[in-house]
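The structure appears below as structure tokens.
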Amino acid sequence: MRTLRVIISRYMYRVSGILVVLILCLVLLAEVINERELACESAMGTFVQMEQVLDENQKELEAIQEAYMQTCLYNAEIIARIIEGSPQVLEDVEELKKIAKSLEVDEIHIFDTTGRIFAGTHPQYYDYTFDSGEQMMFFKPMLEDKTLKLVQEITPNTAEGKQMQYSALWNKEGDLIVQVGMEPVNVIKVTKKNELSYIFSLFRVNTEINYYAIDCETGEVVGCGAPEMIGRSASEIGLDLEDIKNGETGFNAKINGQRSFCVFKKIGNNYIGRVIPGSNLYRRIPMTMFLLFICLTMITLFLANAVIRYMNKYVVDEIHDVNKMLKAIAGGNLEETVDIRDSIEFSELSKYINGLVKSLVGNNKKMSYVLSKTDMYIGVYEYDLQMGKLHFTDYISKALPVDGHKLEEVSSDVWKFREFIDEIRKNPLPAERGVYEVGDRYIRLEEIGENNTVLGVLTDVTSEIVRRRKIEAERDIDQLTGLYNRRGLNTQLAALLNRPGDLEYSAIILADADSLKEINDTYGHETGDLYLKEIARLLKGAGTKNSIVSRLGGDEFVLFLYHYESEELLREAIEDFSYLQNNSYAQLGENVYVPIRFSFGCCLTEGSTDYKRLLKEADKKMYLNKLERRAGK
């Protein structure tokens, strides 16, 4: 066994070590959370700047697109006027090319009223119609409405897939359509400035930090600081769409095999994200934690040694002195006193020990006096099996319902007394912990013991048990019929379930009076109560001593039969009960006799089971029996 000095030293060093580890863990957690929060704030700030750049670029793009569209339509109007003044140019491709060059347009196409190209700067397109491709079908509505002037957005043309912007309108006579095509060079330049990959390159100061744009619908990477990632799915690079949707607070993911911290925000139709490798995000933490560990270790070692030194001086040494004095008291020297005044606590301890020694002297007298003042018979006994000693108070004879001769016999030998107590334990009172039935009395028996020494207390609780049982009986009995109510039924069934050997073959019969409403309507409700009492009397007579009869409420009754040795005997009892269904009468007045009619359902079982389930099944069978009886009328 270790000394208190060793215990205190080890404890202090252990606690100090635990505190250091705990503080380091808390600081580490705080540092990680702080770095994540800073990363989120930085990412959100960058996203705001990206949105501003995208917004400005979008406005510039829309302005240039609008200008191109107006220019394209304006050029188509000029060419239509030129053709009106010089219709012969329709047959001269070179002249049309000169007109196109002077107006800085790339293509001129002339359609007839059927939507077919028959003239223009590109003869290879002749005979193309508005049905020749998806791009050309945009202008097909013009065949139905000659007032239309259409400008198509930038789109790949039908023949070459080249990015073009087309406009078209009818000439003044309405006999041909003039279409102009222009390559939107400036629009494409501004559009490239609005591409996410270009935007990401402007903000990618740290090459270890990357930016991703994920399409909200498809989950495809549509923009990235690393071009090779574009076109891949989010799951391929290690991102989960659910994490991305809730990514404004940040989440951890393994991106391309590297543990990273990700922050995403929805901008337009894409989720824009900033991905920071863990090695970059937490690069500052290891050195911080190392320096903190050195400082904490030095501080805790100094404090631990200081506390151990003072604990040894003012606690351990004082305890040694107290132990010496207590050893003398334990040896029988009750005149010994403890007197240590180096601290308030030890001074109080000395006072309490001295007071305890004085109280021990008159302990037996005090015990007897206290027990004599109670209203209950409480007996206390103590015995030592090894030494064969037995002691008990005078109230043992009052607490136990035994004659003096029996008590004298068992008190003469400690082993006989032990056997006597064991006999009492053989008759426990159900549902009462530590209470036993002794003759017509109820005794609570409690013992505490260590090794061979046992201290016991016997209390007569007869009046308490009788009073409680009376209250429970009044609570569990139906006042009208004298049968058990629903609560009483549950209580009785629960008690039976605690004694599964008493069940054997059993049956639940659920009965429902068929004529109660007619009785009430004909004779009145007081007579209806008499009718219910008669049914209760009938059910009581149908059961044996191994039965429970209960009124669930209204005109519903339960007859529970149990402790039948075989299923055949139980079925015979049920058949006898079935006979009563149409062969019983109730006297409701001096000359008033009415047949007792009821429907019933029955379920059989063996041993302990779920009686609530059986009751439901019996209810279904009773309902079917009621329907059959009504159909038979």
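We name chains A, B, ... following the order of the structure tokens; residues begin at 1 in each chain, and ligands are numbered from 1 as shown.
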Neighbouring residues of region 439-455 of chain A were defined as those with any atom within 8 Å, considering only C-alpha atoms; residues of the same chain fewer than 3 positions away were excluded. Please report them as a VMD selection string.
chain A and resid 380 to 386 399 to 401 434 to 436 458 to 462 465
Can you tell me which residues surround region 541-555 of chain A at a distance of at most 9 Å, considering only C-alpha atoms, apart from same-chain residues fewer than 3 positions away, and format the answer as a VMD selection string?
chain A and resid 477 to 478 481 to 489 492 to 493 511 to 514 516 532 536 to 538 558 to 564 573 576 to 577 580
How about saving the chosen residues, C-alpha atoms kept, as an mmCIF file, in the first residue's frame?
```cif
data_model
loop_
_atom_site.group_PDB
_atom_site.id
_atom_site.type_symbol
_atom_site.label_atom_id
_atom_site.label_comp_id
_atom_site.auth_asym_id
_atom_site.auth_seq_id
_atom_site.Cartn_x
_atom_site.Cartn_y
_atom_site.Cartn_z
ATOM 1 C CA ILE A 477 -63.603 -2.299 -7.572
ATOM 2 C CA ASP A 478 -66.494 -1.202 -9.815
ATOM 3 C CA THR A 481 -71.411 -4.419 -9.862
ATOM 4 C CA GLY A 482 -68.802 -5.120 -7.205
ATOM 5 C CA LEU A 483 -66.552 -6.607 -9.904
ATOM 6 C CA TYR A 484 -63.004 -5.512 -10.628
ATOM 7 C CA ASN A 485 -62.794 -2.409 -12.794
ATOM 8 C CA ARG A 486 -60.272 -2.054 -15.655
ATOM 9 C CA ARG A 487 -57.484 -1.027 -13.274
ATOM 10 C CA GLY A 488 -58.289 -3.888 -10.931
ATOM 11 C CA LEU A 489 -58.190 -6.333 -13.840
ATOM 12 C CA GLN A 492 -54.756 -8.887 -10.920
ATOM 13 C CA LEU A 493 -53.312 -9.960 -14.286
ATOM 14 C CA ALA A 511 -68.745 -10.271 -23.179
ATOM 15 C CA ASP A 512 -71.025 -7.412 -24.264
ATOM 16 C CA ALA A 513 -74.701 -7.067 -23.260
ATOM 17 C CA ASP A 514 -76.976 -7.066 -26.325
ATOM 18 C CA LEU A 516 -79.009 -2.872 -22.481
ATOM 19 C CA LEU A 532 -75.952 -5.078 -15.469
ATOM 20 C CA ALA A 536 -72.295 -9.542 -13.192
ATOM 21 C CA ARG A 537 -73.941 -12.175 -10.961
ATOM 22 C CA LEU A 538 -74.153 -14.542 -13.938
ATOM 23 C CA VAL A 558 -64.230 -9.719 -18.962
ATOM 24 C CA LEU A 559 -64.079 -13.244 -17.543
ATOM 25 C CA PHE A 560 -60.538 -14.557 -17.170
ATOM 26 C CA LEU A 561 -60.212 -18.313 -16.496
ATOM 27 C CA TYR A 562 -56.840 -19.770 -15.506
ATOM 28 C CA HIS A 563 -55.024 -22.694 -13.850
ATOM 29 C CA TYR A 564 -56.729 -25.389 -15.975
ATOM 30 C CA ALA A 573 -65.769 -24.594 -19.123
ATOM 31 C CA ASP A 576 -70.742 -24.280 -20.232
ATOM 32 C CA PHE A 577 -70.432 -20.501 -20.408
ATOM 33 C CA LEU A 580 -75.664 -19.335 -20.585
#
```
Based on DSSP run over this structure's backbone, return all residues of region 423-504 of chain A in alpha helix (DSSP H), as JSON, numbers by chain.
{"A": [423, 424, 425, 462, 463, 464, 465, 466, 467, 468, 469, 470, 471, 472, 473, 474, 475, 476, 486, 487, 488, 489, 490, 491, 492, 493, 494, 495, 496, 497]}
Could those selected residues go to a file with N, CA and C atoms, as a JSON list (two decimals), in the first residue's frame?
```json
[["chain", "number", "residue", "atom", "x", "y", "z"],
["A", 423, "GLU", "N", -36.09, -18.60, 7.76],
["A", 423, "GLU", "CA", -37.46, -19.08, 7.65],
["A", 423, "GLU", "C", -38.42, -17.93, 7.36],
["A", 424, "ILE", "N", -38.18, -16.80, 8.00],
["A", 424, "ILE", "CA", -39.01, -15.62, 7.74],
["A", 424, "ILE", "C", -38.91, -15.21, 6.28],
["A", 425, "ARG", "N", -37.72, -15.30, 5.69],
["A", 425, "ARG", "CA", -37.50, -14.87, 4.30],
["A", 425, "ARG", "C", -38.21, -15.77, 3.28],
["A", 462, "THR", "N", -47.63, -4.14, 9.75],
["A", 462, "THR", "CA", -48.94, -4.74, 9.49],
["A", 462, "THR", "C", -50.00, -3.68, 9.23],
["A", 463, "SER", "N", -50.11, -2.69, 10.10],
["A", 463, "SER", "CA", -51.16, -1.67, 9.95],
["A", 463, "SER", "C", -50.99, -0.91, 8.64],
["A", 464, "GLU", "N", -49.76, -0.64, 8.26],
["A", 464, "GLU", "CA", -49.50, 0.08, 7.01],
["A", 464, "GLU", "C", -49.94, -0.73, 5.80],
["A", 465, "ILE", "N", -49.61, -2.03, 5.76],
["A", 465, "ILE", "CA", -49.97, -2.90, 4.63],
["A", 465, "ILE", "C", -51.48, -3.05, 4.55],
["A", 466, "VAL", "N", -52.15, -3.28, 5.71],
["A", 466, "VAL", "CA", -53.60, -3.46, 5.72],
["A", 466, "VAL", "C", -54.29, -2.19, 5.21],
["A", 467, "ARG", "N", -53.83, -1.03, 5.68],
["A", 467, "ARG", "CA", -54.44, 0.23, 5.24],
["A", 467, "ARG", "C", -54.27, 0.44, 3.73],
["A", 468, "ARG", "N", -53.08, 0.13, 3.23],
["A", 468, "ARG", "CA", -52.82, 0.31, 1.80],
["A", 468, "ARG", "C", -53.67, -0.64, 0.96],
["A", 469, "ARG", "N", -53.82, -1.90, 1.42],
["A", 469, "ARG", "CA", -54.63, -2.87, 0.67],
["A", 469, "ARG", "C", -56.10, -2.44, 0.62],
["A", 470, "LYS", "N", -56.57, -1.85, 1.69],
["A", 470, "LYS", "CA", -57.95, -1.38, 1.71],
["A", 470, "LYS", "C", -58.16, -0.28, 0.68],
["A", 471, "ILE", "N", -57.21, 0.64, 0.61],
["A", 471, "ILE", "CA", -57.29, 1.74, -0.37],
["A", 471, "ILE", "C", -57.25, 1.18, -1.79],
["A", 472, "GLU", "N", -56.36, 0.22, -2.03],
["A", 472, "GLU", "CA", -56.25, -0.36, -3.36],
["A", 472, "GLU", "C", -57.51, -1.11, -3.76],
["A", 473, "ALA", "N", -58.16, -1.81, -2.77],
["A", 473, "ALA", "CA", -59.39, -2.54, -3.06],
["A", 473, "ALA", "C", -60.49, -1.57, -3.46],
["A", 474, "GLU", "N", -60.65, -0.46, -2.75],
["A", 474, "GLU", "CA", -61.66, 0.52, -3.09],
["A", 474, "GLU", "C", -61.39, 1.15, -4.46],
["A", 475, "ARG", "N", -60.14, 1.29, -4.80],
["A", 475, "ARG", "CA", -59.76, 1.90, -6.08],
["A", 475, "ARG", "C", -59.96, 0.95, -7.25],
["A", 476, "ASP", "N", -59.89, -0.36, -7.02],
["A", 476, "ASP", "CA", -59.91, -1.34, -8.11],
["A", 476, "ASP", "C", -61.27, -2.00, -8.31],
["A", 486, "ARG", "N", -61.39, -1.83, -14.71],
["A", 486, "ARG", "CA", -60.27, -2.05, -15.65],
["A", 486, "ARG", "C", -58.93, -2.03, -14.95],
["A", 487, "ARG", "N", -58.75, -1.09, -14.00],
["A", 487, "ARG", "CA", -57.48, -1.03, -13.27],
["A", 487, "ARG", "C", -57.29, -2.27, -12.40],
["A", 488, "GLY", "N", -58.39, -2.70, -11.77],
["A", 488, "GLY", "CA", -58.29, -3.89, -10.93],
["A", 488, "GLY", "C", -57.94, -5.12, -11.75],
["A", 489, "LEU", "N", -58.52, -5.20, -12.96],
["A", 489, "LEU", "CA", -58.19, -6.33, -13.84],
["A", 489, "LEU", "C", -56.71, -6.34, -14.18],
["A", 490, "ASN", "N", -56.19, -5.17, -14.56],
["A", 490, "ASN", "CA", -54.76, -5.08, -14.90],
["A", 490, "ASN", "C", -53.89, -5.45, -13.72],
["A", 491, "THR", "N", -54.28, -5.01, -12.53],
["A", 491, "THR", "CA", -53.50, -5.32, -11.33],
["A", 491, "THR", "C", -53.48, -6.82, -11.06],
["A", 492, "GLN", "N", -54.67, -7.45, -11.18],
["A", 492, "GLN", "CA", -54.76, -8.89, -10.92],
["A", 492, "GLN", "C", -53.97, -9.69, -11.96],
["A", 493, "LEU", "N", -54.07, -9.26, -13.23],
["A", 493, "LEU", "CA", -53.31, -9.96, -14.29],
["A", 493, "LEU", "C", -51.81, -9.80, -14.07],
["A", 494, "ALA", "N", -51.40, -8.59, -13.67],
["A", 494, "ALA", "CA", -49.97, -8.36, -13.42],
["A", 494, "ALA", "C", -49.47, -9.25, -12.28],
["A", 495, "ALA", "N", -50.30, -9.41, -11.24],
["A", 495, "ALA", "CA", -49.91, -10.28, -10.12],
["A", 495, "ALA", "C", -49.79, -11.73, -10.58],
["A", 496, "LEU", "N", -50.70, -12.17, -11.46],
["A", 496, "LEU", "CA", -50.63, -13.54, -11.99],
["A", 496, "LEU", "C", -49.39, -13.75, -12.84],
["A", 497, "LEU", "N", -49.03, -12.74, -13.62],
["A", 497, "LEU", "CA", -47.84, -12.86, -14.47],
["A", 497, "LEU", "C", -46.57, -13.03, -13.65]]
```
Which of these residues is nearest to Val48 (chain A), using only C-alpha atoms: A:Tyr125, A:Ala253, A:Thr605, A:Ile267?
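Smallest separation from Val48 (chain A) among the options: A:Ile267.
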Could you work out how far CA of Asp502 (chain A) lies from CA of Cys603 (chain A), giving the answer in Å with one decimal?
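Separation of CA of Cys603 (chain A) and CA of Asp502 (chain A): 18.0 Å.
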I want to know what sits within 9 Å of region 101-103 of chain A, based on only C-alpha atoms, with residues of the same chain fewer than 2 positions away left out; could you give that as a PyMOL selection string?
chain A and resi 75+78-79+96-99+105-106
Compare A:Val221, A:Pro428, A:Leu292, A:Ser347 by their minimum atom-to-atom distance to Glu318 (chain A), counting only C-alpha atoms, and give me the closest one.
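Going through A:Val221, A:Pro428, A:Leu292, A:Ser347 one by one, the smallest distance to Glu318 (chain A) is for A:Ser347.
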